[in-house]
Structure formats: C-alpha cells, structure tokens
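Notes follow once the structure below has been shown.
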Amino acid sequence: MCGIIGYVGKREALPIVLDGLHRLEYRGYDSAGVAIHSGKGIKTARAVGKVAMLVEACDGKNFGGTAGLGHTRWATHGKPAEKNTHPHTDCTKSFYIAHNGIIENHDELRDELRAKGHTFKSETDSEVIAHLLEEEYRIFGSFEQAAQLTLQKIRGTYGLAMVSSYEPKKIIAARMGAPIVLGLGENENFVASDASPLLSHTRTVLYLQDGEMAVVMPDSYFVTTLDNKVVERGSETIEWDADKMQKGGYAHFTLKEIKEGPEVIENTLRGRLITENGLAKLGGLQSIEAKIRAVKRIIIVACGTALHAARVGEYMLEEYAGIPVEVEFSSEFRYRKPMIDVETLVIAISQSGETADTLEAIREAKRKGATTLGIVNVVGSTIARETDVGIYNHAGPEISVLSTKAYISQLAVLALLTVFLGRQRQLSLSMGKRILEELETLPPKIEKIFEQEQKIRKLAKRYAKYRHMLYLGRKYNFATAYEGALKVKEASYIHAEGCGAGEMKHGFIAMIDKAFPTVAIAPSDSVYDKMLSNIQEIKARGGRVLVIASEGDTRAIKLADDTLTIPKTLEMLSPILAIVPLQLFAYYLTLERKLDPDRPRNLAKSVTVE
Ligand code: F6R
C-alpha cells in the first residue's frame, strides 16, 4: 500500500527522502509528497503520478534542512489529487503527517474539529491527525504529548510519521496495524513503512509493534507505549537484499499478495460490520439506500477473475438477498440488447477500475437508466468515478499480473453487499449476524491454509509434468473451479479447464485418462455427495484426482489421490478459502516450470482496450 520514509540527521534530507520514495515505488501508489524541515520552517512539495513528477516539482526549490518526511499514497479516501497527497498539515502548518492505514472514526473527529474552528483541505481520513496534533499541542505545548494524545483519540490502523515546525530535529512515528520500522545509523536515523528504503543507509533496524510510538532524533531515539511506558527492545540486523525486501522477503509479488490474504480480508471488512444488528455498513451506498431497496434485479458485469467473483456473488445474492441476478461478460453485455430499467442495479466488479469492456458496459447500463455500482480496488479509477455508487475493496495495490488478493476481497465485498441488500429484504437478523461473524473468522482460517504450503509445493512438483488439467466444482465453488484453472493457465501455461461438475458428463469426461488429472473442489457442503460421485466417475476412468476437502473429511480424502484441506466455514464463504490453496498450487506449478509468475507472457495488469 502506501509508503513512508523519514530522515533526521546531519545530511541534506531531501535527496535521501526522494531516494527512499523511489525505493518504495514497487508498493504501488498514485501520488507522492515530501515535507522537509529547513531549520526555520517546513517546506513541502506534492505531485500526482510518479515520484519522478515529485522530483520535478522539487526542482529549483531550496529546501535545505536535515530532517523530513516523504510519502507515496495509494488512495483509499478521496481520489488521487494533489490536495489528497500526503504529507498533510494542520491549520497553522506546524505539523505534517504521513499516514498509512485507515482512520475509522475520521468522520466524527472531523466534525468535532470543525466545531472547534478547524478547516480541512483534503478528502482524506488522515488529515484529522494533523489537526488533532495542532489541538493537543495548543493545550500541552509538547510534540510528544500532543502525539500521544492524538494517537489515543484515533481508531483504526496506522503506520504514521509526524514532524513539527517546533522541533526541527525530531520525527515521531507510531504503529497500529500498519508497519513502521526505524533505521538506526551513525548520527542519523530513519523511519519507514518497510526496510527497503533503508538498506542503502543502514541494516540495523527496530520494528515498532502495535500501540508503540517512537521519538527519533539524529543521535538517539526512544520507544514508548501510548500511555508513556518506556519500551526496551534491541535492534535487529537485516540480511535480505533490496530486491527481496521490496517483495517483503518473498521471491515474487504473486506469493506476497497471496500471503497478504488474511490482512486483505481484515481491511475489506474494517469498519463495515455492525454484527450485533446483523448489518453491513457500506458508506458508499448511503446516498441511494432507498433506490437500492427498490431494486428488483441485478446484473453483474466483469472480466476474468472479477467475473468469477461475480459468479460467486450471484449465488450469494440470490440465496440470501432474494434478488434475481445475472452475470455477464462485460465484453458481451454491450452487444446484446440487455433488458434494463430503473429497478435494475448493474454492478461492475473490477480490480483496476480501468478495464475497457467493463467501463463500456457500465456506460451502456447508465444510458438505459440502470443504477450502477462499482466494486473496485483502485480508488479514483474511471469505473469508480463513473458508477453512481461504489464499494472499495481496500485490498491494497496488486502488482502481480495474477489477480489473487483482489479476488478474495471481491468475494468479501459481495458477502457484505449480500447482507446489506438481504437485511433490506427478508434476511433475518440471526442469519445476517451469522454471516458477519463467520466473515471475521476467515483471516486465521486463511493463515491455517498456509500451513500446507510445503505440501502444495510437493504436489506442484508432481503435477507440473501434466500438459492438461480439469478443475471441477459445483454451486458456490463452480466459480472456484474456473478461477483455479485460470490461475494455472495464466502463469504456468499448463492447459487447465474449469468445468461445472454437473456438466462434466456432457462432454468433458471423454478427455479423462491417466495423463489428464482433475482438481475437484469438494468441501463438506450441500453438494458434497454429488461432488463425490463425480470424483468416483473420474477415478473409474483412470484419472488422478487432487481434492480440496474440508478439514476432518474422510470420505473425499479416501477417494482422492491427493488432498488439500480448508477449514470449515459457511457454504457461501467457502470460495474465499477454497481458492487460496489453488492460488498457491498455481504459483508453485509456475515455479516448477521455471516461469515468472509475476509477469506472464502476453498479459497486462489492466486491459484498457477492448
Ligand atoms: C486474472 C486477471 C484478469 C483480470 C481481468 C479483469 O488473474 O488478473 O483476468 O481479473 O482482466 O481486470 P479488472 O479486475 O482490473 O477489471
């Protein structure tokens, strides 16, 4: 997601901060900014686009100064625009902050601060932090105390770096849910959101833990808790090289992004669950809540992985919200004569928010009078802007061409939307509650799946020799079969075919022999017995079968040649778990075939042409 770099020492700060921002570029961002303490006051520059644009914006300006902050922003609240770019400041321009994460109570804090006379210049949740610092400093006259009190007032996640014009040689950093690392040098110290911008200066680091705040000066630093208890923790030495560091220590972005799954689900759900009332809070839909209540039919348009998410959403929405749903390839939607009226809601699902076919489908739907809703990851993207209302995924930037973490976040958003629409209709309080409670259990369940990584690696070794594979699933995991196969095709170039298990007998079964293995997604759900029959049919024809089964299942495991398990969950949420071992399987198949999973041939991350 966003990146932070801070420097305080004896050297000129600006080149160090700009170099740090370059090294943070891999994280994905849409704008960047710096705030440098010149010794007399703080000077800033901000630019939308690449760090190179920020470097241009800084050119010719004499910043001076040996302390400062830089930030690369990935929009979450407010579109990519200069006014939304960090560092943000208060009314008196005495405090500048760079923030990663989401402040959940920003609305109420902004109202309180406005009532006290503060004016806000950005649409971000982060800006409240700068105004809170101003407010607390006015009372206590201490940067540290103002920071502590500010941190006690904000709720949500943050990796935070703050500077004050009152203290030219100090950076205060804090962590709650978003990483902050201190880089410790000779007569200079650093603050960053990960160690990659530090490696060219120092390998001695100290990672903050949640609820800790660090006061960093050129020759010293100290760490406290938010209630001012001193934290004693030794530093560590980093052994990784810079390339690995950018990928968080993983060999590829694909693996890093799969492993971000638990955090992604937490971020997608954050602030959106009103579990006690069985309600989903989707701020983006508030403005048209009444219109949405009157919706009689839903069409979901999407491409590729997002289309598979849509197919899962179709089952969720029909079963629990009771609304008829059709899923359409965006690329076909425009060329049909879709029956649309004012009671039709057209949902576009798109990670990038720029996919040309999906965008055109939305434009066509609007022309015909539909209400449009975007489920989009990239804030401020064209689809996010052109749809009437939206729900952001908050999955963070997806760098690998393979969509992995965005997919599970799309499924989580669809589950939230199902609860939202369902509770406007017939969905009971207890079922609404049950879905939300179960959603919250998913992050540790995904972690549990990761425990099988070595087994998956070994299986990939065995299956990499095959030239073709069949993926089978039913009902909620019908789409998992297609998505699992797509991952394999895209990255390993093994021909993998998704198939609804019920369709298998209508043709596909002719292909089965010992050179054509099957991956069957068969959790213990309402179609489990039918899946077992399909597995038996394949076994009877000499096909090898790898089964994705629920933990504790014995029947499927007995039938299968190979098994991977997923923890039990609600049937409607099982695709969120079932895809995870399949993503890892595709990743390791790709490595076995000595290919680069991050950059498959012929594919682009964002398909902006038809
Ligand atoms: C698959 C993949 C593609 C995208 C598709 C839609 O791994 O990345 O199939 O899912 O191109 O892209 P978005 O979601 O950006 O509209």
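FYI, nothing fancy with the structure tokens labels: chains A, B, ... in order, residues from 1 per chain, ligands from 1 as they appear.
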
Within 6 Å of ligand 1, counting only C-alpha atoms and all ligand atoms: which residues, as a list in words? Cys303, Gly304, Thr305, Ala306, Ser350, Gln351, Ser352, Gly353, Thr355, Val401, Leu402, Ser403, Ser606 and Val607 of chain A

If you run DSSP on the backbone, which residues of stretch 225-464 of chain A are strand (DSSP E), as a tab-separated table (two decimals) with C-alpha atoms, in the first residue's frame?
```tsv
chain	number	residue	atom	x	y	z
A	225	THR	CA	3.62	2.81	24.61
A	230	VAL	CA	9.18	3.01	28.04
A	231	VAL	CA	9.69	0.03	25.72
A	236	GLU	CA	17.96	-6.35	14.54
A	237	THR	CA	20.23	-6.71	11.54
A	273	LEU	CA	-19.64	-4.81	10.28
A	274	ILE	CA	-22.46	-3.96	12.66
A	279	LEU	CA	-25.99	-5.24	9.30
A	280	ALA	CA	-23.25	-4.28	6.88
A	297	ARG	CA	-32.99	-7.33	-10.48
A	298	ILE	CA	-29.19	-7.29	-10.53
A	299	ILE	CA	-26.81	-7.68	-13.45
A	300	ILE	CA	-23.11	-8.07	-12.66
A	301	VAL	CA	-20.60	-7.25	-15.38
A	302	ALA	CA	-16.92	-8.13	-15.11
A	325	VAL	CA	-29.02	-11.97	-10.53
A	326	GLU	CA	-27.45	-12.41	-13.94
A	327	VAL	CA	-23.73	-12.41	-14.53
A	328	GLU	CA	-22.49	-11.13	-17.88
A	329	PHE	CA	-19.11	-10.99	-19.55
A	344	THR	CA	-32.20	-2.82	-12.31
A	345	LEU	CA	-28.93	-2.49	-10.44
A	346	VAL	CA	-25.88	-3.06	-12.62
A	347	ILE	CA	-22.78	-3.94	-10.63
A	348	ALA	CA	-19.31	-3.67	-12.18
A	349	ILE	CA	-16.52	-5.61	-10.50
A	350	SER	CA	-13.02	-4.53	-11.42
A	371	THR	CA	-28.40	2.39	-11.21
A	372	THR	CA	-24.72	1.43	-11.32
A	373	LEU	CA	-22.50	0.25	-8.50
A	374	GLY	CA	-18.75	-0.31	-8.71
A	375	ILE	CA	-16.82	-2.87	-6.67
A	376	VAL	CA	-13.38	-1.50	-7.38
A	389	VAL	CA	-22.13	4.49	-6.07
A	390	GLY	CA	-19.35	2.16	-5.03
A	391	ILE	CA	-17.69	-0.10	-2.55
A	392	TYR	CA	-13.91	-0.08	-2.46
```

Find the residues around stretch 140-156 of chain A up to 7 Å (only C-alpha atoms counted), leave out those fewer than 5 positions away in its own chain, and share them as a list of chain:residue names.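 Near neighbours after the sequence-gap exclusion: A:Ile102, A:Ile103, A:Glu104, A:Asn105, A:Ile129, A:Leu132, A:Leu133, A:Leu226.
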
Selection to disk with N, CA and C atoms, as a compact mmCIF listing (two decimals), in the first residue's frame:
```txt
# COMPACT_ATOMS: atom_id res chain seq x y z
N ILE A 102 -6.08 3.27 7.73
CA ILE A 102 -7.40 3.92 7.63
C ILE A 102 -7.83 4.36 9.02
N ILE A 103 -8.20 5.61 9.16
CA ILE A 103 -8.73 6.11 10.44
C ILE A 103 -10.24 5.91 10.39
N GLU A 104 -10.72 4.99 11.22
CA GLU A 104 -12.15 4.62 11.14
C GLU A 104 -13.07 5.72 11.67
N ASN A 105 -12.61 6.44 12.71
CA ASN A 105 -13.50 7.45 13.30
C ASN A 105 -13.21 8.85 12.76
N ILE A 129 -5.48 13.76 11.70
CA ILE A 129 -4.35 13.55 12.62
C ILE A 129 -3.59 14.86 12.82
N LEU A 132 -5.58 17.22 14.95
CA LEU A 132 -5.58 16.79 16.36
C LEU A 132 -4.26 17.19 17.03
N LEU A 133 -3.15 17.03 16.28
CA LEU A 133 -1.84 17.43 16.84
C LEU A 133 -1.85 18.92 17.18
N LEU A 226 1.55 3.98 24.14
CA LEU A 226 0.73 5.20 24.04
C LEU A 226 0.44 5.78 25.41
```

Pick out each residue of stretch 94-315 of chain A that DSSP on the backbone tags as helix (DSSP H, G or I); I need them as number ranges by chain. A: 106-115, 127-140, 143-153, 242-246, 253-259, 261-269, 275-277, 283-293, 304-315

Shell around A:Asn62 at 10 Å using only C-alpha atoms, local window under 4 positions removed, as a PyMOL selection string: chain A and resi 14+38+43+58

List the neighbours of stretch 430-437 of chain A out to 6 Å using only C-alpha atoms; skip same-chain residues closer than 2 positions along the sequence, and give me the result as a PyMOL selection string. chain A and resi 275+278+419+428+439-440

Using the selection just defined, write its residues with N, CA, C and O atoms as an mmCIF file, in the first residue's frame.
```
data_model
loop_
_atom_site.group_PDB
_atom_site.id
_atom_site.type_symbol
_atom_site.label_atom_id
_atom_site.label_comp_id
_atom_site.auth_asym_id
_atom_site.auth_seq_id
_atom_site.Cartn_x
_atom_site.Cartn_y
_atom_site.Cartn_z
ATOM 1 N N THR A 275 -22.178 -6.108 13.679
ATOM 2 C CA THR A 275 -22.523 -7.516 13.881
ATOM 3 C C THR A 275 -23.751 -7.687 14.777
ATOM 4 O O THR A 275 -24.615 -8.519 14.483
ATOM 5 N N GLY A 278 -26.676 -7.476 12.778
ATOM 6 C CA GLY A 278 -26.628 -8.252 11.534
ATOM 7 C C GLY A 278 -26.616 -7.362 10.312
ATOM 8 O O GLY A 278 -27.162 -7.717 9.261
ATOM 9 N N VAL A 419 -25.388 -9.120 2.635
ATOM 10 C CA VAL A 419 -26.002 -8.831 3.936
ATOM 11 C C VAL A 419 -26.744 -7.489 3.864
ATOM 12 O O VAL A 419 -27.880 -7.367 4.345
ATOM 13 N N SER A 428 -32.881 -12.666 7.842
ATOM 14 C CA SER A 428 -33.141 -12.499 9.281
ATOM 15 C C SER A 428 -31.935 -11.891 9.982
ATOM 16 O O SER A 428 -30.802 -11.997 9.509
ATOM 17 N N LEU A 439 -17.507 -14.164 8.586
ATOM 18 C CA LEU A 439 -16.535 -13.396 7.796
ATOM 19 C C LEU A 439 -15.320 -13.036 8.645
ATOM 20 O O LEU A 439 -14.179 -13.117 8.198
ATOM 21 N N GLU A 440 -15.596 -12.671 9.895
ATOM 22 C CA GLU A 440 -14.498 -12.268 10.784
ATOM 23 C C GLU A 440 -13.555 -13.416 11.128
ATOM 24 O O GLU A 440 -12.424 -13.189 11.540
#
```

Work out how far atom CA of A:Glu571 is from atom CA of A:Tyr471, in Å to one decimal.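 So the answer is 18.8 Å.
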
Spatial neighbours of stretch 199-214 of chain A, 7 Å, only C-alpha atoms, chain gap at least 6 places, as JSON, numbers by chain: {"A": [172, 173, 174, 175, 176, 177, 180, 181, 182, 183, 184, 185, 221, 222, 223, 224, 225, 226, 235, 236, 237, 238, 242]}

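Closest approach to A:Arg599 from the set A:Ala460, A:Ala578, A:Val55, A:Ile399 is made by A:Ile399, with distances taken over only C-alpha atoms.
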